[in-house]
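Reviewing the structure listed below.
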Amino acid sequence: MGVAPSTPRLGEAGAASPGAAEQMFAALVGDRAYPVSSEFWTQLLELPLTQQWPRDRVLQACHAFAQNNYHTKHLAKILIHLVWCLQECTSASSVSSSVYRKAINAAYISSIFLKFIIENAKADNWQELCLDIDKDEKGLENIPSDQSVEYFLMKGVLNYIGSVDVSPESCYLHHELLNLMLVLMSTQLCSGPSPEPKDVHPFIDAAMLQDSSIVASVVQKLLLNFVRRPQIPSNGSHPVFSDDGGPGVLQRVGSAAANFVLLPYYTFNYFVSASAEGATSQLADNSLLVLLILIHYRKCISMNESIPTDSVYMSDSNTNVKDAPAFHENPYCKALNNAKDIQFDHADVEGNAQNGPVVRLSFASLFDALGTCLKDESSVLLLYSLVHGNCDFQEYVLVRTDLDTLLGFCRQLMPILEMLYNASRKTSNQIYMLLIILLILSQDSTFNASVHKLVLPSVPWYQERLMHQTSLGSLMVVVLIRTIKYNLSKLRDVYLHTNCLAILANMGPHAHRLSAYASQRLVSLFDMLSRKYAKLAELKNDKALKVTSDQMEADIISDDTSTELHIYTDFLRIVLEIINAILTYALPRNPEVVYAVLHRQEVFQPFKNHPRFNELLENIYTVLDFFNSRMDMQQLDGEWSVDKVLELINKNCRSWRGEGMKMFTQLRFTYEQESHPEEFFIPYAWRLILSRGFSFNPGAINLFPVEIHVDDSPSSEQKV
């Protein structure tokens with residue numbers, strides 16, 4: 001692929017012979033600059049690109065393109081042609097297959113060279129992209145002089161995505177534009193984990209500057225793609241790619257031929273799918289990934305910018321304003337947070353008209369789609385973003401108490417609980433997201449009451465015990481306690497412990513007919529934590545008595561032990577508060593909890609006089625004394641059996657008046673984001689994208705630590 005000596009020509013009647021296609025691409029990557037108005041661009045983009053090139057030649061072409069782009073400005077020019085093709089696709093009432101083909105080719109060719117330049121850029125200001133084209137050049141009269149190429153590009157791409165419905169004709173172009181969006185935004189991978197004022201991301205920054213109408217339409221369309229999961233035609237061929245029915249840009253959707261034009265093996269291997277089903281879901285999946293990157297992006301305000309109070313937020317409201325980083329408002333995040341249910345009127349519930357365009361879609365459809373996709377991490381992140389950020393969606397999830405909504409709860413919660421049950425196979429980030437979602441939901445008393453109303457006939461995935469006719473609330477208690485025990489033995493993460501206990505504490509006062517198994521697990525949780533506490537207390541005492549040669553080291557070890565002991569003291573107190581809340585506010589409805597406390601009453605004895613626990617244990621012992629005395633008064637022939645004890649408990653629960661019980665303020669935990677949420681969510685979203693097969697040069701990634709491995713030997717040929 002050398003430099004073309006002259007303007008390349010197609011074969012007879014415009015046919016693209018292998019030699020002509022070779023010559024066209026040689027010209028594209030060569031050192032001769034073709035004006036944006038040249039016929040060269042039309043001929044290039046009309047090529048039916050079906051040849052195969054070895055990987056080394058593809059890399060050679062990328063190197064040549066990047067080197068010569070400094071003076072040819074071919075990247076900027078092909079991006080401009082892409083926008084023109086999209087404008088033609090948007091404005092025309094009927095779009096010809098040749099126009100679709102040109103737009104698809106332009107998007108794909110751009111993405112290949114863009115990705116190579118981004119991965120191999122030497123400076124973090126992206127000068128290698130060379131997007132500063134001369135606006136006085138012939139053919140550029142219609143581009144506003146005050147618009148940069150990146151703004152012009154993002155406006156064209158986003159406008160198409162947001163305004164054109166996905167159809168059998170347009171689905172391939174939508175697919176390619178979503179892939180291009182991921183490439184354009186991948187400059188984030190090259191920055192550090194904490195956004196800084198000096199960070200430059202030309203394309204995503206340009207996306208943030210688009211009109212609110214474009215922003216709202218894009219967020220709405222990406223959500224609708226996720227909900228509707230539009231299908232790519234399963235026959236794998238479409239006339240858009242070949243007017244004469246011969247081989248075109250895509251020969252089969254579900255094959256490697258879907259990776260057309262200059263595809264290095266490391267570029268977009270997640271396009272390749274062995275089945276039509278895999279190809280069918282790709283549009284919805286990529287729509288979600290693009291949406292997640294857009295809504296979680298944060299742009300720091302530089303030191304020389306004034307801080308407009310109406311369009312920024314501080315990273316931590318409790319931090320000194322001078323020290324806290326300030327960020328420009330993210331319009332995509334705002335649009336998602338303000339999204340409305342299409343079933344409501346265009347005025348909000350208070351009768352106030354909405355300012356500007358508003359995202360509207362069916363929350364019921366979105367709720368159902370999330371329920372069916374929650375085993376996917378990106379769907380979990382979307383659910384978190386909606387429940388945490390969108391008050392209307394959170395209200396939709398929580399407020400309804402009809403049977404359909406209860407079944408909806410089940411559809412949502414069962415995948416979450418199953419994933420927590422299989423925590424050993426999940427990432428810590430995924431576990432965090434799932435627990436935070438449950439914590440946000442548990443802040444609502446209606447939710448806590450509702451989960452105990454729905455009885456599950458069985459729980460097939462729970463292996464340790466057959467669970468028949470157990471309530472959803474009881475299952476939540478069991479799974480949360482199981483997660484705590486797993487964390488205690490494997491992860492040892494205090495944050496995870498705290499979230500699990502916070503959910504249980506929020507649920508405690510609303511417990512209703514908690515199952516025997518859930519009640520036993522709750523008391524055994526106290527036993528397990530108390531044994532851990534006792535070991536730590538013993539270890540601290542031993543170290544206090546032991547004289548060491550290195551007193552400083554001994555002090556450090558002692559401080560660590562004291563810190564851990566304090567943590568477990570808090571954990572034990574929370575568990576006691578949970579049991580206390582059930583016995584204080586819901587004892588008549590929970591005879592199995594009373595039985596579990598009676599059965600294991602010895603576990604509370606060591607803490608009866610503990611200054612941190614004695615007041616809480618007073619209530620527990622009031623309950624124990626009441627029911628123990630009733631058992632002592634009972635004239636019984638033979639031994640006490642489980643059924644007889646439960647019969648006595650049920651009988652006396654009806655006469656329980658709570659006399660002597662001290663009323664404590666109910667524990668109520670709420671979720672608050674950490675002071676720098678962007679440091680978690682931006683890397684997390686990109687990890688999700690890379691896990692889908694979007695490969696990126698590991699040596700160029702600074703957003704998070706990456707293990708660099710030697711690539712496996714690539715195949716000798718790639719479809720072009």
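Quick note on naming: the chains in the structure tokens go A, B, ... in the order shown, residues restart at 1 in each chain, and ligands are numbered from 1 in order of appearance.
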List as a CSV table (one decimal) with C-alpha atoms, in the first residue's frame the protein and nucleic acid residues near region 647-662 of chain A, meaning an atom at most 12 Å away when only C-alpha atoms are counted, but skip any in the same chain fewer than 2 places from it.
```
chain,number,residue,atom,x,y,z
A,513,ARG,CA,-44.1,-13.5,58.9
A,580,ASN,CA,-34.9,-5.1,68.6
A,581,ALA,CA,-36.9,-3.4,65.9
A,582,ILE,CA,-38.7,-6.6,64.9
A,583,LEU,CA,-39.5,-7.5,68.5
A,584,THR,CA,-40.6,-3.9,69.3
A,585,TYR,CA,-42.7,-3.1,66.3
A,586,ALA,CA,-43.6,-6.4,64.7
A,587,LEU,CA,-43.4,-9.2,67.3
A,588,PRO,CA,-47.0,-10.5,66.9
A,589,ARG,CA,-46.4,-10.9,63.2
A,590,ASN,CA,-43.1,-12.7,63.6
A,591,PRO,CA,-43.4,-15.8,65.9
A,592,GLU,CA,-40.5,-17.5,64.1
A,593,VAL,CA,-38.2,-14.6,65.2
A,594,VAL,CA,-39.3,-15.1,68.8
A,595,TYR,CA,-38.6,-18.8,68.5
A,596,ALA,CA,-35.1,-18.2,67.1
A,597,VAL,CA,-34.3,-15.8,69.9
A,598,LEU,CA,-35.6,-18.3,72.5
A,615,GLU,CA,-29.8,-1.1,76.7
A,616,LEU,CA,-30.7,-3.0,73.5
A,617,LEU,CA,-30.5,-6.3,75.3
A,618,GLU,CA,-32.9,-5.1,77.9
A,619,ASN,CA,-35.7,-5.4,75.4
A,620,ILE,CA,-34.6,-8.8,74.1
A,621,TYR,CA,-34.5,-10.1,77.7
A,622,THR,CA,-37.9,-8.6,78.4
A,623,VAL,CA,-39.2,-10.7,75.5
A,624,LEU,CA,-37.2,-13.8,76.7
A,625,ASP,CA,-38.5,-13.4,80.2
A,626,PHE,CA,-42.1,-13.1,79.0
A,627,PHE,CA,-42.1,-16.2,76.9
A,628,ASN,CA,-39.8,-18.3,79.2
A,629,SER,CA,-42.3,-17.6,82.0
A,630,ARG,CA,-45.2,-18.7,79.8
A,631,MET,CA,-43.3,-21.9,79.1
A,632,ASP,CA,-42.6,-22.5,82.8
A,633,MET,CA,-46.3,-22.0,83.6
A,634,GLN,CA,-47.4,-24.5,80.9
A,635,GLN,CA,-48.3,-27.9,82.3
A,636,LEU,CA,-46.8,-30.2,79.7
A,640,TRP,CA,-41.1,-29.6,74.4
A,641,SER,CA,-41.1,-30.0,70.7
A,642,VAL,CA,-40.6,-27.4,68.0
A,643,ASP,CA,-44.3,-27.5,67.2
A,644,LYS,CA,-45.4,-27.2,70.8
A,645,VAL,CA,-43.1,-24.2,71.4
A,664,PHE,CA,-35.8,3.4,70.5
A,665,THR,CA,-35.7,5.6,67.5
A,666,GLN,CA,-35.9,3.4,64.4
```
Handout entry: Backbone DSSP call of strand (DSSP E) for region 389-627 of chain A, listed as a list in words
Key =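 Strand (DSSP E) assignments inside region 389-627 of chain A correspond to Val455, Leu456, Pro457, Ser458, His468, Gln469, Thr470 and Ser471 of chain A.
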Deliver the residues from the most recent selection as a file, using N, CA, C and O atoms, as a PDB file, in the first residue's frame.
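Written out: part.pdb:
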```
ATOM      1  N   VAL A 455     -45.408 -14.157  48.122  1.00  0.00           N
ATOM      2  CA  VAL A 455     -44.902 -15.467  48.520  1.00  0.00           C
ATOM      3  C   VAL A 455     -44.414 -16.202  47.284  1.00  0.00           C
ATOM      4  O   VAL A 455     -45.124 -16.299  46.267  1.00  0.00           O
ATOM      5  N   LEU A 456     -43.188 -16.696  47.366  1.00  0.00           N
ATOM      6  CA  LEU A 456     -42.578 -17.408  46.245  1.00  0.00           C
ATOM      7  C   LEU A 456     -42.826 -18.902  46.400  1.00  0.00           C
ATOM      8  O   LEU A 456     -42.525 -19.474  47.453  1.00  0.00           O
ATOM      9  N   PRO A 457     -43.371 -19.566  45.392  1.00  0.00           N
ATOM     10  CA  PRO A 457     -43.607 -21.014  45.504  1.00  0.00           C
ATOM     11  C   PRO A 457     -42.313 -21.806  45.681  1.00  0.00           C
ATOM     12  O   PRO A 457     -42.277 -22.802  46.387  1.00  0.00           O
ATOM     13  N   SER A 458     -41.236 -21.313  45.037  1.00  0.00           N
ATOM     14  CA  SER A 458     -39.936 -21.983  45.173  1.00  0.00           C
ATOM     15  C   SER A 458     -38.833 -21.033  44.728  1.00  0.00           C
ATOM     16  O   SER A 458     -39.097 -20.026  44.068  1.00  0.00           O
ATOM     17  N   HIS A 468     -39.578 -23.383  49.948  1.00  0.00           N
ATOM     18  CA  HIS A 468     -40.931 -23.416  49.399  1.00  0.00           C
ATOM     19  C   HIS A 468     -41.817 -22.464  50.174  1.00  0.00           C
ATOM     20  O   HIS A 468     -41.755 -22.389  51.405  1.00  0.00           O
ATOM     21  N   GLN A 469     -42.658 -21.749  49.433  1.00  0.00           N
ATOM     22  CA  GLN A 469     -43.636 -20.843  50.037  1.00  0.00           C
ATOM     23  C   GLN A 469     -42.974 -19.876  51.024  1.00  0.00           C
ATOM     24  O   GLN A 469     -43.449 -19.672  52.142  1.00  0.00           O
ATOM     25  N   THR A 470     -41.886 -19.295  50.586  1.00  0.00           N
ATOM     26  CA  THR A 470     -41.211 -18.282  51.406  1.00  0.00           C
ATOM     27  C   THR A 470     -41.469 -16.903  50.801  1.00  0.00           C
ATOM     28  O   THR A 470     -41.603 -16.765  49.580  1.00  0.00           O
ATOM     29  N   SER A 471     -41.545 -15.912  51.647  1.00  0.00           N
ATOM     30  CA  SER A 471     -41.813 -14.564  51.143  1.00  0.00           C
ATOM     31  C   SER A 471     -40.551 -13.982  50.508  1.00  0.00           C
ATOM     32  O   SER A 471     -39.425 -14.379  50.825  1.00  0.00           O
TER      33      SER A 471
END
```
Exercise for the section: For region 87-92 of chain A, work out the shell of residues within 8 Å, counting only C-alpha atoms and skipping chain neighbours fewer than 6 positions away, then give it as a ChimeraX atom specification. Expected result: /A:99-100,156,160,163-164
If you keep N, CA, C and O atoms, can you produce a file of those selected residues as a PDB file, in the first residue's frame?
```pdb
ATOM      1  N   VAL A  99     -26.455   5.858  -0.576  1.00  0.00           N
ATOM      2  CA  VAL A  99     -26.229   6.862   0.465  1.00  0.00           C
ATOM      3  C   VAL A  99     -25.939   6.166   1.794  1.00  0.00           C
ATOM      4  O   VAL A  99     -25.031   6.560   2.535  1.00  0.00           O
ATOM      5  N   TYR A 100     -26.722   5.130   2.110  1.00  0.00           N
ATOM      6  CA  TYR A 100     -26.452   4.361   3.325  1.00  0.00           C
ATOM      7  C   TYR A 100     -25.045   3.779   3.288  1.00  0.00           C
ATOM      8  O   TYR A 100     -24.310   3.796   4.270  1.00  0.00           O
ATOM      9  N   GLY A 156     -23.697  16.092  13.967  1.00  0.00           N
ATOM     10  CA  GLY A 156     -24.249  15.261  12.897  1.00  0.00           C
ATOM     11  C   GLY A 156     -24.554  13.845  13.358  1.00  0.00           C
ATOM     12  O   GLY A 156     -25.622  13.301  13.067  1.00  0.00           O
ATOM     13  N   TYR A 160     -28.397  12.321  14.065  1.00  0.00           N
ATOM     14  CA  TYR A 160     -28.907  11.139  13.347  1.00  0.00           C
ATOM     15  C   TYR A 160     -29.391  10.085  14.337  1.00  0.00           C
ATOM     16  O   TYR A 160     -30.487   9.533  14.190  1.00  0.00           O
ATOM     17  N   SER A 163     -32.705  11.281  15.937  1.00  0.00           N
ATOM     18  CA  SER A 163     -33.872  11.654  15.125  1.00  0.00           C
ATOM     19  C   SER A 163     -34.338  10.577  14.161  1.00  0.00           C
ATOM     20  O   SER A 163     -35.480  10.631  13.693  1.00  0.00           O
ATOM     21  N   VAL A 164     -33.498   9.611  13.846  1.00  0.00           N
ATOM     22  CA  VAL A 164     -33.863   8.589  12.863  1.00  0.00           C
ATOM     23  C   VAL A 164     -34.159   7.272  13.575  1.00  0.00           C
ATOM     24  O   VAL A 164     -33.329   6.756  14.323  1.00  0.00           O
TER      25      VAL A 164
END
```
Handout entry: Residue nearest Phe680 (chain A) - candidates A:Tyr297, A:Tyr517, A:Phe613, A:Phe604, atoms counted: only C-alpha atoms
Key =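 Nearest to Phe680 (chain A): A:Tyr297.
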Practice task
For each of A:Phe367, A:Tyr533, A:Trp84, A:Phe113, take the minimum atom-to-atom distance to Val227 (chain A), counting only C-alpha atoms, then give the residue where this is smallest.
Solution key: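 Residue with the minimum atom-to-atom distance to Val227 (chain A): A:Phe367.
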Handout entry: Straight-line distance linking CA of Asp493 (chain A) with CA of Met528 (chain A), stated in Å to one decimal
Key =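 Distance between the two atoms: 16.1 Å.
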Practice task
Pick out the residues sitting within 12 Å of Leu381 (chain A), and hand them over as a PyMOL selection string; count only C-alpha atoms, and ignore anything fewer than 2 positions along from it in its own chain.
Solution key: chain A and resi 288-289+291-293+295-296+370+373-379+383-389+429-437+680-682+684-686+688
Exercise for the section: For Gln412 (chain A), please output as number ranges by chain all residues within 12 Å (counting only C-alpha atoms; exclusion window: fewer than 3 positions along the same chain). Expected result: A: 366-375, 379-380, 383, 397-398, 405-409, 415-419, 434, 437-438, 441, 451, 472
Problem - Exercise: Ala284 (chain A) partners within 8 Å, only C-alpha atoms, chain neighbours under 5 positions left out, as a PyMOL selection string - result: chain A and resi 222+225-230
Practice task
Rank A:Thr670, A:Ser93, A:Asn105, A:Ser194 by their smallest atom-to-atom distance to Leu47 (chain A), using only C-alpha atoms, and report the top residue only.
Solution key: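 Among the listed residues, the smallest separation from Leu47 (chain A) belongs to A:Asn105.
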